[in-house]
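Structure first, commentary second.
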Amino acid sequence: MADANEQVGSAYPFDTSKPSIARTYDYLLGGKDNFAVDRAFGDRFINELPGSRMIAYDNRGALIRAVQEIVTNTPVRQFIDLGSGLPTADNVHQVAQRYAPDAKVVYVDNDPIVLAHGRALLAENDNTTVIQADLREPKAILEHPDTVRLIDFGNPVGVIFSATLHHVNDDEDPAAIVRFWRDHIASGSHVFISHFRSENDPRSQELETVLQGSLGRGRWRTDDQILALFGDGFTVLDPGIVPASEWRNDDTPEDPNDYQRLIAAVLARKN
């Protein structure tokens, strides 16, 4: 497997001493843009917790269905993907522009390798950009020149938190992040959240321990705690909060493994 550092050059400062969320997710999805430390972390899920790798695939599937649902059934034609991760098959802009060629997408991530690959991928797509920023600093994202250039906040926006808010600790107030965007998006905007889901049982506690031990952060939340991130001003759309493998999925697995219950998805519309 090629080293990610070789693929994007030395102009971007990569920390290869600890795993990256984006690069580990890339590895779990079969990508090549990762380092040995990311693969070692991903292998803990693959080898020590068999079946947990499906979390990554279920999460990606729910994201694709959410974007398709928004574009085909609402007026939303612009998206902000907060913590987008590395480019893979069926990125947000690919799904959105498949149904609405004029759809605009701003990708946001704090990993420099995401910035490098994203810019290369999107060099010839005038309606899509990627910026390096931290989702915990939403004002900087809102005011970034590329966001201002592409997103018209007078019209509805799709805001995506795909497997990102569970990396925001309680003392960093993830609900305040969602609330910031609620206060800056128009009525009719949609917010999609997928999130590690705790059922207060040994399975979820085991995975949370792995995540905390290797990344030093992460917070699994119950369904009620995830829904509470929306706060006031939203209507949660059917089917509510459910395992990602089941969310708006016509091909819901008949016999999902235990780990597939541990990633939830939910879509809400701003009133």
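Chain labels follow the order of the structure tokens: the first chain is A, the next B, and so on; residue numbering restarts at 1 in every chain, and ligands are counted from 1 in their shown order.
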
Backbone-only DSSP, alpha helix (DSSP H) members of stretch 21-226 of chain A, as a VMD selection string: chain A and resid 21 to 28 36 to 43 54 to 73 92 to 99 112 to 121 138 to 142 145 to 150 174 to 184 202 to 215 223 to 226

Stretch 79-86 of chain A surroundings by only C-alpha atoms, 9 Å radius, close-in-sequence under 5 positions cut, as a VMD selection string: chain A and resid 21 to 23 25 to 26 31 33 67 91 to 93 96 103 to 111 113 to 115 117 to 118 130 133 to 135 147 151 157 to 164

Give me the residues of stretch 49-69 of chain A that have any atom at most 12 Å from an atom of stretch 199-205 of chain A; for each, the nearest atom pair and the distance in Å, rounded to one decimal. Use only C-alpha atoms, sort by chain and number, and format it as a tab-separated table.
residue	atom	partner	partner_atom	distance
A:Leu49	CA	A:Arg203	CA	9.3
A:Pro50	CA	A:Arg203	CA	11.4
A:Gly51	CA	A:Arg203	CA	11.3
A:Ser52	CA	A:Arg203	CA	9.9
A:Ile55	CA	A:Ser204	CA	11.9

Among A:Arg98, A:Arg60, A:His166, A:His190, A:Arg219 is approached most closely, using only C-alpha atoms, by A:His166

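Atom to atom, atom CA of A:Lys18 and atom CA of A:Arg44 stand 14.1 Å apart.
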
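Closest approach to A:Glu48 among A:Ile185, A:Thr24, A:Asp126, A:Leu207 is made by A:Leu207 (distances from only C-alpha atoms).
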
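Assigned to strand (DSSP E or B) in stretch 43-202 of chain A, given DSSP computed from backbone atoms, are Gln78, Phe79, Ile80, Asp81, Leu82, Lys104, Val105, Val106, Tyr107, Val108, Asp109, Thr128, Thr129, Val130, Ile131, Gln132, Gly158, Val159, Ile160, Phe161, Ser162, His190, Val191, Phe192, Ile193, Ser194, His195, Phe196 and Arg197 of chain A.
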
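Here the question is which of A:Gln132, A:Asn59, A:Ser20, A:Gln68 gets nearest to A:His195 using only C-alpha atoms, and that residue is A:Asn59.
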